Amino acid sequence: MSPHRKLCISSKRHPTQIQDIFLGLALSLSPQPTDRKPDGSDPGRELEYSAVLHDGTGVVESETFHTRYYSHGKEGDDLAEENKRIGREVLGLIRSIQTDKGMNVRMVAVADPVPQEFKGHQGVQFFSTLWLHVDVIPILVTPSTSIFTKLPAPSTSASATAAISAGVKHLHPATHSATTADVDPVDHSVQVDCDGQVKLCSIVQYKESTSEALWDRFTALADHLVKNNISISFFSATPQGGGVALMRHAMIRLWRMVGLNVKWYVPEGHPTVFDITKRKFHNVLQGVAPQDMDLTDEDKKWFELWTEQNYESFWSNGAIDASIIVIDDPQLTALIPIIKKKRPDAKIIFRSHIQIQSDLTNDPQTMQHRTWNYLFDFIKDVDLFLAHPVKFFVPKNVHETLPVLYMAPSTDPLDGLNKPYGRASVRYFRQYFNQLSLQQCGVHIDWDRGYVCQIARFDPSKGIDDLVAAYLQFRKKLENSAKPPVDGGPQLIIMGHGSVDDPDGSWIYEKLHDTLGTKEYALVRDDVAVVRAPPSDSILGCILQGAWVATQLSTREGFEVKVTEAVNKRVPIIASDAGGIPLQVKHGKNGWIVPTGDRSAVANLLYDIWEGKVSVHRDLSGANRDLDGKTDPNSIAQAWVGDFDKEAQKVHADEGATSEDFWTVGNSTRWMLLFDRLLGLSPEDNVSQPPNANGKETTLGNEEEFGKVKITEKQVGLLKSMEIGKKLNDKGIDGVNVWEMLMGNDMIKGEGELI
């Protein structure tokens, strides 16, 4: 008998805060009986499953359950329905733990092996339902006891305990709503989703969120690259923190579902070098650095030595042995000549994600010119220069030397930033946010008052000073109005993550608190919550979902896809006209664009929204929702998460939505188009993968079984329409948006624009 308290016993404790708890789960299915019941019906098989609750220090409660599993003679939809029935029983158990015990289940660790009958059935989406509908991190764990193949199998209770004990080690130490972004100690490759153990979603949800026209292109290009045995290596500065890392996690998650051979590498950081790359590369090129930030010979020496030592320590044994190599931003540009020397046949893409002030880089009298020319001496040997869809971001010497294409960044519809959050999650993350806010700045958010929200890193280019000044003006207008709100009106939340390669973050964060502490800001000092969030996308996504109004007032910007995330949540947004931001906002339909730095315009808009003089209206009919008249983002989200059978929401569900160009499937497909075109692969090649070490043809082993069949005639036609087989010229391409190259006549009017 288990020494632990049973799950079915209700707790008499009355905590003032929601307790985090972690669940281990293990299943065992008896063999199929050979005999039928006298009436010929299926007697079913015994399914045993154990659930154990772990509080982070050890198991506190456990229970073993028994039910019947009826699978005899069933296949296809019938078997899927039986599996779904079992899944709902387990999901119901998790819901009861959260409601009856007042606990918040943050992780479910399932012990592998899972009975074969529960694997691979279309429509059975247990793991993704946990993540998307119940807001639980699902992880599949092989217990350490699995090595004992010659001993009796451990009980389901023991396996569940081993699974969750291993699973909680992957949780980030600063938060229970995210896992760590670990790197392999040998080659510093990023272990996306704990090296595939975390199962946030499946290929099914990505397909549901995507239009047929884009999905057909995605599958055709994925099959084509896999069949040609193409490998890709990405190199960027950090595994976590910032938009580049978020994109890489999402794309690699999706690409691995379709069998693409892709890896992502990051360097071992050094504070001296990261200070150089942020203050003297990034800030200088964006035009937000002071005038004394010229690179010294010593800076160049440290930067190049750091790159060489990372290569020698981690990447000299296979990391650059890829068909295509992508370098993200200036931090690893010194790796380019090493690649050209060691792998002259590899194709190299340089991807710029920042707002390069080309007027300054083109002027020989500026430090921007000197800094850019130093970096360009590395970059000039790549095969393609890829920038955000803003022509101003590309210096003159790039146009003169390299092929240039334009491509927007993306965000992921199924990650913690963008998935919908139901009432239970909203309550949890609001409590969590107030804990952080009280600890950091002493401000408590009264959620009934509403709040303005900006989610962004604490960076000198994010317009945070403009935001707090505009908010102060807005609050003064409310105070001087005919009917000032008794509670003072909406509060302000400014929240963002840090990044290990960003030394500016702490300085901006503290400077903002200093500003709010002055006499000028006495009116709003206790209503502005400035929070440096732990590395959890979920708290950012949930708080943004409930905002009265979102803002993004960057003064310098590459693209800032947080704008698209607010639009996706149907939160009205006020955004500056910096960089690629205007490409995401349909003025008056899903938000408003204001001139960069115009604080009064922001304050006046906030006041007009408060007075009901302006608003945004989005069509809900395409979403097929019955909301009883409720159209606020939290109500829309609750309606979706409460129905486990709901398909993933389309990223382009109505005219007010942003383009599919700005989402993971669109971005991944654009990248694959570039890989295919750079390599000049023939669209009609049906090349099988080479035999593996066992002499058998390699198969992909994913839900849709990509690559196991030859490319169809329809796919060949689609590949030809994207000019697959026509190699990108060395210098013959300039000024084209990759989205237009990809979608052709299927591109929606107004998309694929350049600024």
# chains A, B, ... in the order shown; residues from 1 in each chain; ligands from 1
$ select_by_dssp --residues "range 175-420 of chain A" --states "strand (DSSP E or B)" --output "PyMOL selection string"
chain A and resi 179+183+189-190+198+231-235+261-265+324-328+347-351+384-387+404-406+411
$ write_last_selection --atoms "C-alpha atoms" --output "PDB file, in the first residue's frame"
ATOM      1  CA  THR A 179      11.553  24.650 -18.937  1.00  0.00           C
ATOM      2  CA  VAL A 183      22.684  23.293 -24.643  1.00  0.00           C
ATOM      3  CA  SER A 189      23.568  22.776 -29.868  1.00  0.00           C
ATOM      4  CA  VAL A 190      20.342  24.006 -28.291  1.00  0.00           C
ATOM      5  CA  VAL A 198       8.491  18.279 -24.045  1.00  0.00           C
ATOM      6  CA  SER A 231      21.090  19.612 -43.577  1.00  0.00           C
ATOM      7  CA  ILE A 232      20.915  23.072 -42.006  1.00  0.00           C
ATOM      8  CA  SER A 233      22.858  24.719 -39.169  1.00  0.00           C
ATOM      9  CA  PHE A 234      21.784  27.953 -37.463  1.00  0.00           C
ATOM     10  CA  PHE A 235      24.197  30.019 -35.361  1.00  0.00           C
ATOM     11  CA  ASN A 261      17.818  17.699 -40.481  1.00  0.00           C
ATOM     12  CA  VAL A 262      18.332  21.008 -38.667  1.00  0.00           C
ATOM     13  CA  LYS A 263      20.446  22.036 -35.670  1.00  0.00           C
ATOM     14  CA  TRP A 264      20.904  25.306 -33.835  1.00  0.00           C
ATOM     15  CA  TYR A 265      24.161  26.283 -32.164  1.00  0.00           C
ATOM     16  CA  ILE A 324      23.214  25.503 -45.507  1.00  0.00           C
ATOM     17  CA  ILE A 325      24.550  27.627 -42.642  1.00  0.00           C
ATOM     18  CA  VAL A 326      22.640  30.620 -41.266  1.00  0.00           C
ATOM     19  CA  ILE A 327      24.348  33.339 -39.196  1.00  0.00           C
ATOM     20  CA  ASP A 328      21.950  35.449 -37.113  1.00  0.00           C
ATOM     21  CA  LYS A 347      25.938  27.983 -48.636  1.00  0.00           C
ATOM     22  CA  ILE A 348      25.895  30.787 -46.056  1.00  0.00           C
ATOM     23  CA  ILE A 349      23.017  33.165 -45.302  1.00  0.00           C
ATOM     24  CA  PHE A 350      23.472  36.229 -43.104  1.00  0.00           C
ATOM     25  CA  ARG A 351      20.190  37.164 -41.414  1.00  0.00           C
ATOM     26  CA  LEU A 384      22.683  35.835 -49.397  1.00  0.00           C
ATOM     27  CA  PHE A 385      21.942  38.868 -47.216  1.00  0.00           C
ATOM     28  CA  LEU A 386      18.494  38.652 -45.617  1.00  0.00           C
ATOM     29  CA  ALA A 387      16.901  41.690 -43.920  1.00  0.00           C
ATOM     30  CA  VAL A 404      19.568  40.967 -50.968  1.00  0.00           C
ATOM     31  CA  LEU A 405      16.152  39.632 -50.032  1.00  0.00           C
ATOM     32  CA  TYR A 406      13.630  40.802 -47.450  1.00  0.00           C
ATOM     33  CA  THR A 411       5.944  34.391 -33.767  1.00  0.00           C
TER      34      THR A 411
END
$ residues_around --residues "range 450-457 of chain A" --least-positions-apart "3" --cutoff "6 Å" --atoms "only C-alpha atoms" --output "list in words"
Trp447, Pro490, Gln491, Leu492, Ile493, Ile494, Met495, Gly496, His497, Ala547, Trp548, Val549, Ala550 and Thr551 of chain A
$ closest_residue --among "A:Ile339, A:Val204, A:Leu678, A:Leu523" --to "Leu414 in chain A" --atoms "only C-alpha atoms"
A:Val204
$ atom_distance --atom1 "CA of Val108 in chain A" --atom2 "CA of Ser144 in chain A"
17.2 Å
$ residues_around --residues "range 508-522 of chain A" --least-positions-apart "6" --cutoff "12 Å" --atoms "only C-alpha atoms" --output "ChimeraX atom specification"
/A:440-443,456-473,475-476,492,494-498,502,528-533
$ write_last_selection --atoms "C-alpha atoms" --output "PDB file, in the first residue's frame"
ATOM      1  CA  GLN A 440      10.362  44.523  -7.556  1.00  0.00           C
ATOM      2  CA  CYS A 441       8.579  47.872  -7.351  1.00  0.00           C
ATOM      3  CA  GLY A 442       5.905  47.708  -4.655  1.00  0.00           C
ATOM      4  CA  VAL A 443       3.012  48.219  -7.100  1.00  0.00           C
ATOM      5  CA  ALA A 456       9.354  44.472 -24.530  1.00  0.00           C
ATOM      6  CA  ARG A 457      12.952  44.113 -23.435  1.00  0.00           C
ATOM      7  CA  PHE A 458      14.383  46.927 -21.325  1.00  0.00           C
ATOM      8  CA  ASP A 459      16.284  48.433 -24.226  1.00  0.00           C
ATOM      9  CA  PRO A 460      17.089  52.073 -25.092  1.00  0.00           C
ATOM     10  CA  SER A 461      15.253  51.719 -28.413  1.00  0.00           C
ATOM     11  CA  LYS A 462      11.909  50.483 -27.043  1.00  0.00           C
ATOM     12  CA  GLY A 463      10.465  53.946 -26.324  1.00  0.00           C
ATOM     13  CA  ILE A 464       9.816  53.256 -22.651  1.00  0.00           C
ATOM     14  CA  ASP A 465      10.439  56.900 -21.670  1.00  0.00           C
ATOM     15  CA  ASP A 466       7.876  57.977 -24.264  1.00  0.00           C
ATOM     16  CA  LEU A 467       5.370  55.483 -22.878  1.00  0.00           C
ATOM     17  CA  VAL A 468       5.531  56.595 -19.239  1.00  0.00           C
ATOM     18  CA  ALA A 469       5.398  60.264 -20.281  1.00  0.00           C
ATOM     19  CA  ALA A 470       2.355  59.604 -22.491  1.00  0.00           C
ATOM     20  CA  TYR A 471       0.689  57.633 -19.708  1.00  0.00           C
ATOM     21  CA  LEU A 472       1.215  60.539 -17.306  1.00  0.00           C
ATOM     22  CA  GLN A 473      -0.406  62.914 -19.807  1.00  0.00           C
ATOM     23  CA  ARG A 475      -3.890  60.255 -16.476  1.00  0.00           C
ATOM     24  CA  LYS A 476      -3.811  64.036 -16.127  1.00  0.00           C
ATOM     25  CA  LEU A 492       0.266  50.673 -16.657  1.00  0.00           C
ATOM     26  CA  ILE A 494       5.768  47.460 -18.493  1.00  0.00           C
ATOM     27  CA  MET A 495       7.223  43.965 -18.565  1.00  0.00           C
ATOM     28  CA  GLY A 496       9.987  42.153 -20.398  1.00  0.00           C
ATOM     29  CA  HIS A 497      12.584  39.422 -20.301  1.00  0.00           C
ATOM     30  CA  GLY A 498      16.312  39.829 -20.010  1.00  0.00           C
ATOM     31  CA  ASP A 502      22.186  42.345 -23.226  1.00  0.00           C
ATOM     32  CA  VAL A 528       3.020  51.832 -12.965  1.00  0.00           C
ATOM     33  CA  ALA A 529       4.262  48.248 -12.534  1.00  0.00           C
ATOM     34  CA  VAL A 530       7.730  47.790 -14.022  1.00  0.00           C
ATOM     35  CA  VAL A 531       8.565  44.087 -13.936  1.00  0.00           C
ATOM     36  CA  ARG A 532      11.525  42.122 -15.201  1.00  0.00           C
ATOM     37  CA  ALA A 533       9.873  38.786 -15.887  1.00  0.00           C
TER      38      ALA A 533
END
$ atom_distance --atom1 "CA of Pro572 in chain A" --atom2 "CA of Lys483 in chain A"
23.7 Å
$ closest_residue --among "A:Gly76, A:Gly87, A:Gly287, A:Gly243" --to "His353 in chain A" --atoms "only C-alpha atoms"
A:Gly243
$ closest_residue --among "A:Ser41, A:Lys650, A:Gly717, A:Asp734" --to "Lys207 in chain A" --atoms "only C-alpha atoms"
A:Lys650
$ closest_residue --among "A:Ala408, A:Ile581, A:Lys199, A:Asn397" --to "Ala109 in chain A" --atoms "only C-alpha atoms"
A:Lys199
$ atom_distance --atom1 "CA of His176 in chain A" --atom2 "CA of Glu647 in chain A"
26.9 Å
$ residues_around --residues "Val288 in chain A" --least-positions-apart "4" --cutoff "10 Å" --atoms "only C-alpha atoms" --output "NGL selection string"
:A and (279 or 282-284 or 357 or 459-461 or 555-556)
$ select_by_dssp --residues "range 491-639 of chain A" --states "alpha helix (DSSP H)" --output "count of residues only"
49
$ closest_residue --among "A:Ile573, A:Met672, A:Ile164, A:Leu742" --to "Trp592 in chain A" --atoms "only C-alpha atoms"
A:Ile573
$ closest_residue --among "A:Glu713, A:Asp537, A:Glu751, A:Glu740" --to "His172 in chain A" --atoms "only C-alpha atoms"
A:Asp537
$ residues_around --residues "range 423-425 of chain A" --least-positions-apart "3" --cutoff "8 Å" --atoms "only C-alpha atoms" --output "tab-separated table (two decimals) with N, CA, C and O atoms, in the first residue's frame"
chain	number	residue	atom	x	y	z
A	135	ASP	N	-3.21	24.23	-19.93
A	135	ASP	CA	-2.06	25.06	-19.58
A	135	ASP	C	-1.08	24.32	-18.67
A	135	ASP	O	-0.66	24.80	-17.62
A	428	TYR	N	-4.22	32.60	-12.11
A	428	TYR	CA	-2.90	32.17	-11.63
A	428	TYR	C	-1.82	33.19	-12.00
A	428	TYR	O	-1.02	33.62	-11.16
A	429	PHE	N	-1.78	33.58	-13.29
A	429	PHE	CA	-0.70	34.47	-13.73
A	429	PHE	C	-0.90	35.89	-13.22
A	429	PHE	O	0.09	36.62	-13.04
A	542	CYS	N	-0.20	35.80	-21.19
A	542	CYS	CA	-1.44	35.89	-20.43
A	542	CYS	C	-1.75	37.33	-20.03
A	542	CYS	O	-2.89	37.79	-20.13
A	634	ASN	N	-10.28	37.81	-23.11
A	634	ASN	CA	-10.32	36.76	-22.08
A	634	ASN	C	-11.52	35.85	-22.26
A	634	ASN	O	-11.43	34.63	-22.06
A	638	GLN	N	-11.41	31.84	-23.07
A	638	GLN	CA	-12.06	30.85	-22.20
A	638	GLN	C	-12.98	29.94	-23.00
A	638	GLN	O	-13.03	28.73	-22.77
$ residues_around --residues "Gln197 in chain A" --least-positions-apart "4" --cutoff "7 Å" --atoms "only C-alpha atoms" --output "PyMOL selection string"
chain A and resi 139-141+193
$ residues_around --residues "range 269-276 of chain A" --least-positions-apart "5" --cutoff "12 Å" --atoms "only C-alpha atoms" --output "JSON, numbers by chain"
{"A": [188, 236, 237, 238, 239, 281, 282, 283, 284, 289, 293, 294, 295, 296, 297, 298, 299, 300, 301, 302, 303, 304, 305, 306, 307, 309, 310, 330, 331, 332, 371, 499, 500, 501, 502, 503, 504, 505]}
$ write_last_selection --atoms "N, CA and C atoms" --output "CSV table (one decimal), in the first residue's frame"
chain,number,residue,atom,x,y,z
A,188,HIS,N,27.4,22.5,-28.1
A,188,HIS,CA,26.6,23.7,-27.8
A,188,HIS,C,25.4,23.8,-28.7
A,236,SER,N,23.4,31.5,-33.6
A,236,SER,CA,22.9,32.8,-33.0
A,236,SER,C,23.5,32.9,-31.6
A,237,ALA,N,23.2,34.1,-31.0
A,237,ALA,CA,24.0,34.5,-29.8
A,237,ALA,C,23.5,33.7,-28.5
A,238,THR,N,22.2,33.5,-28.4
A,238,THR,CA,21.7,33.0,-27.1
A,238,THR,C,20.6,31.9,-27.3
A,239,PRO,N,20.5,31.0,-26.4
A,239,PRO,CA,19.4,30.0,-26.5
A,239,PRO,C,18.0,30.5,-26.0
A,281,PHE,N,28.1,47.1,-31.3
A,281,PHE,CA,27.6,46.6,-32.5
A,281,PHE,C,26.1,47.0,-32.6
A,282,HIS,N,25.3,46.4,-31.8
A,282,HIS,CA,23.8,46.6,-31.9
A,282,HIS,C,23.4,48.0,-31.7
A,283,ASN,N,23.8,48.6,-30.6
A,283,ASN,CA,23.3,50.0,-30.3
A,283,ASN,C,23.9,51.0,-31.3
A,284,VAL,N,25.2,50.8,-31.7
A,284,VAL,CA,25.8,51.7,-32.6
A,284,VAL,C,25.1,51.7,-34.0
A,289,ALA,N,23.5,54.7,-29.6
A,289,ALA,CA,24.6,54.7,-28.7
A,289,ALA,C,25.2,56.1,-28.6
A,293,MET,N,31.5,55.3,-28.7
A,293,MET,CA,31.4,53.9,-28.8
A,293,MET,C,32.1,53.3,-30.0
A,294,ASP,N,33.2,53.9,-30.4
A,294,ASP,CA,33.9,53.3,-31.5
A,294,ASP,C,34.6,52.1,-31.1
A,295,LEU,N,34.7,51.1,-32.0
A,295,LEU,CA,35.5,49.9,-31.7
A,295,LEU,C,37.0,50.2,-31.6
A,296,THR,N,37.6,49.6,-30.6
A,296,THR,CA,39.1,49.7,-30.5
A,296,THR,C,39.7,48.5,-31.1
A,297,ASP,N,41.0,48.5,-31.3
A,297,ASP,CA,41.7,47.3,-31.8
A,297,ASP,C,41.6,46.2,-30.8
A,298,GLU,N,41.5,46.5,-29.5
A,298,GLU,CA,41.4,45.5,-28.5
A,298,GLU,C,40.0,44.8,-28.5
A,299,ASP,N,39.0,45.7,-28.8
A,299,ASP,CA,37.6,45.1,-28.9
A,299,ASP,C,37.6,44.1,-30.1
A,300,LYS,N,38.2,44.4,-31.2
A,300,LYS,CA,38.2,43.5,-32.3
A,300,LYS,C,39.0,42.2,-32.0
A,301,LYS,N,40.1,42.4,-31.3
A,301,LYS,CA,40.9,41.3,-30.9
A,301,LYS,C,40.1,40.3,-30.1
A,302,TRP,N,39.4,40.8,-29.0
A,302,TRP,CA,38.6,40.0,-28.1
A,302,TRP,C,37.5,39.3,-28.9
A,303,PHE,N,36.8,40.0,-29.7
A,303,PHE,CA,35.7,39.5,-30.5
A,303,PHE,C,36.1,38.3,-31.4
A,304,GLU,N,37.2,38.5,-32.1
A,304,GLU,CA,37.7,37.5,-33.0
A,304,GLU,C,38.2,36.3,-32.2
A,305,LEU,N,38.9,36.5,-31.1
A,305,LEU,CA,39.4,35.4,-30.4
A,305,LEU,C,38.3,34.6,-29.7
A,306,TRP,N,37.3,35.3,-29.3
A,306,TRP,CA,36.1,34.6,-28.7
A,306,TRP,C,35.5,33.7,-29.7
A,307,THR,N,35.3,34.2,-30.9
A,307,THR,CA,34.7,33.4,-32.0
A,307,THR,C,35.6,32.2,-32.3
A,309,GLN,N,37.7,30.6,-30.4
A,309,GLN,CA,37.8,29.7,-29.3
A,309,GLN,C,36.4,28.9,-29.2
A,310,ASN,N,35.3,29.6,-29.5
A,310,ASN,CA,34.1,28.8,-29.5
A,310,ASN,C,34.1,27.8,-30.6
A,330,PRO,N,25.1,40.3,-35.9
A,330,PRO,CA,26.6,40.5,-36.0
A,330,PRO,C,27.4,39.6,-35.0
A,331,GLN,N,26.7,39.1,-34.0
A,331,GLN,CA,27.5,38.5,-32.9
A,331,GLN,C,28.5,37.4,-33.4
A,332,LEU,N,28.1,36.6,-34.4
A,332,LEU,CA,28.9,35.5,-34.9
A,332,LEU,C,29.4,35.7,-36.3
A,371,THR,N,32.1,50.9,-37.8
A,371,THR,CA,31.7,49.7,-37.2
A,371,THR,C,31.1,48.7,-38.3
A,499,SER,N,18.2,39.1,-21.3
A,499,SER,CA,19.0,38.2,-22.2
A,499,SER,C,20.4,38.3,-21.8
A,500,VAL,N,21.1,37.1,-21.8
A,500,VAL,CA,22.5,37.1,-21.3
A,500,VAL,C,23.4,37.9,-22.2
A,501,ASP,N,23.0,38.3,-23.4
A,501,ASP,CA,23.9,39.1,-24.2
A,501,ASP,C,23.5,40.6,-24.3
A,502,ASP,N,22.7,41.0,-23.3
A,502,ASP,CA,22.2,42.3,-23.2
A,502,ASP,C,22.5,43.0,-21.9
A,503,PRO,N,23.7,43.7,-21.8
A,503,PRO,CA,24.0,44.3,-20.6
A,503,PRO,C,23.3,45.6,-20.3
A,504,ASP,N,22.5,46.1,-21.3
A,504,ASP,CA,21.8,47.4,-21.1
A,504,ASP,C,20.5,47.2,-20.3
A,505,GLY,N,20.0,46.0,-20.2
A,505,GLY,CA,18.7,45.7,-19.6
A,505,GLY,C,18.6,46.2,-18.2
$ decode --residues "range 524-548 of chain A" --atoms "N, CA and C atoms" --output "short mmCIF file (atom, residue, chain, number, x, y, z; two decimals), in the first residue's frame"
data_model
loop_
_atom_site.label_atom_id
_atom_site.label_comp_id
_atom_site.auth_asym_id
_atom_site.auth_seq_id
_atom_site.Cartn_x
_atom_site.Cartn_y
_atom_site.Cartn_z
N VAL A 524 1.23 59.10 -10.83
CA VAL A 524 1.08 57.74 -11.36
C VAL A 524 2.07 56.75 -10.77
N ARG A 525 2.93 57.23 -9.87
CA ARG A 525 4.02 56.38 -9.36
C ARG A 525 3.52 55.03 -8.85
N ASP A 526 2.41 55.02 -8.16
CA ASP A 526 1.90 53.77 -7.56
C ASP A 526 1.02 52.98 -8.52
N ASP A 527 0.91 53.44 -9.75
CA ASP A 527 0.07 52.75 -10.73
C ASP A 527 0.86 52.23 -11.93
N VAL A 528 2.18 52.33 -11.87
CA VAL A 528 3.02 51.83 -12.97
C VAL A 528 3.84 50.65 -12.45
N ALA A 529 3.54 49.46 -12.93
CA ALA A 529 4.26 48.25 -12.53
C ALA A 529 5.34 47.96 -13.57
N VAL A 530 6.59 48.06 -13.15
CA VAL A 530 7.73 47.79 -14.02
C VAL A 530 8.34 46.47 -13.56
N VAL A 531 8.22 45.45 -14.37
CA VAL A 531 8.56 44.09 -13.94
C VAL A 531 9.51 43.43 -14.93
N ARG A 532 10.61 42.96 -14.42
CA ARG A 532 11.53 42.12 -15.20
C ARG A 532 11.07 40.68 -14.98
N ALA A 533 10.51 40.09 -16.02
CA ALA A 533 9.87 38.79 -15.89
C ALA A 533 10.89 37.66 -15.94
N PRO A 534 10.62 36.56 -15.25
CA PRO A 534 11.44 35.36 -15.42
C PRO A 534 11.26 34.82 -16.83
N PRO A 535 12.10 33.89 -17.28
CA PRO A 535 12.02 33.42 -18.67
C PRO A 535 10.82 32.52 -18.93
N SER A 536 9.63 33.08 -18.73
CA SER A 536 8.38 32.37 -19.00
C SER A 536 7.60 33.15 -20.04
N ASP A 537 7.37 32.53 -21.20
CA ASP A 537 6.54 33.18 -22.21
C ASP A 537 5.09 33.30 -21.74
N SER A 538 4.67 32.38 -20.89
CA SER A 538 3.26 32.30 -20.51
C SER A 538 2.80 33.53 -19.75
N ILE A 539 3.62 34.04 -18.84
CA ILE A 539 3.19 35.22 -18.08
C ILE A 539 3.08 36.43 -19.01
N LEU A 540 3.97 36.54 -20.00
CA LEU A 540 3.87 37.63 -20.96
C LEU A 540 2.59 37.50 -21.79
N GLY A 541 2.35 36.28 -22.31
CA GLY A 541 1.19 36.07 -23.16
C GLY A 541 -0.12 36.26 -22.43
N CYS A 542 -0.20 35.80 -21.19
CA CYS A 542 -1.44 35.89 -20.43
C CYS A 542 -1.75 37.33 -20.03
N ILE A 543 -0.73 38.07 -19.57
CA ILE A 543 -0.95 39.46 -19.18
C ILE A 543 -1.31 40.31 -20.40
N LEU A 544 -0.66 40.07 -21.54
CA LEU A 544 -0.99 40.80 -22.75
C LEU A 544 -2.42 40.52 -23.18
N GLN A 545 -2.87 39.28 -23.04
CA GLN A 545 -4.22 38.90 -23.45
C GLN A 545 -5.29 39.73 -22.74
N GLY A 546 -5.05 40.09 -21.49
CA GLY A 546 -6.07 40.80 -20.71
C GLY A 546 -5.96 42.30 -20.74
N ALA A 547 -5.04 42.85 -21.54
CA ALA A 547 -4.81 44.29 -21.54
C ALA A 547 -6.00 45.05 -22.12
N TRP A 548 -6.26 46.23 -21.55
CA TRP A 548 -7.26 47.15 -22.12
C TRP A 548 -6.74 47.70 -23.44
#
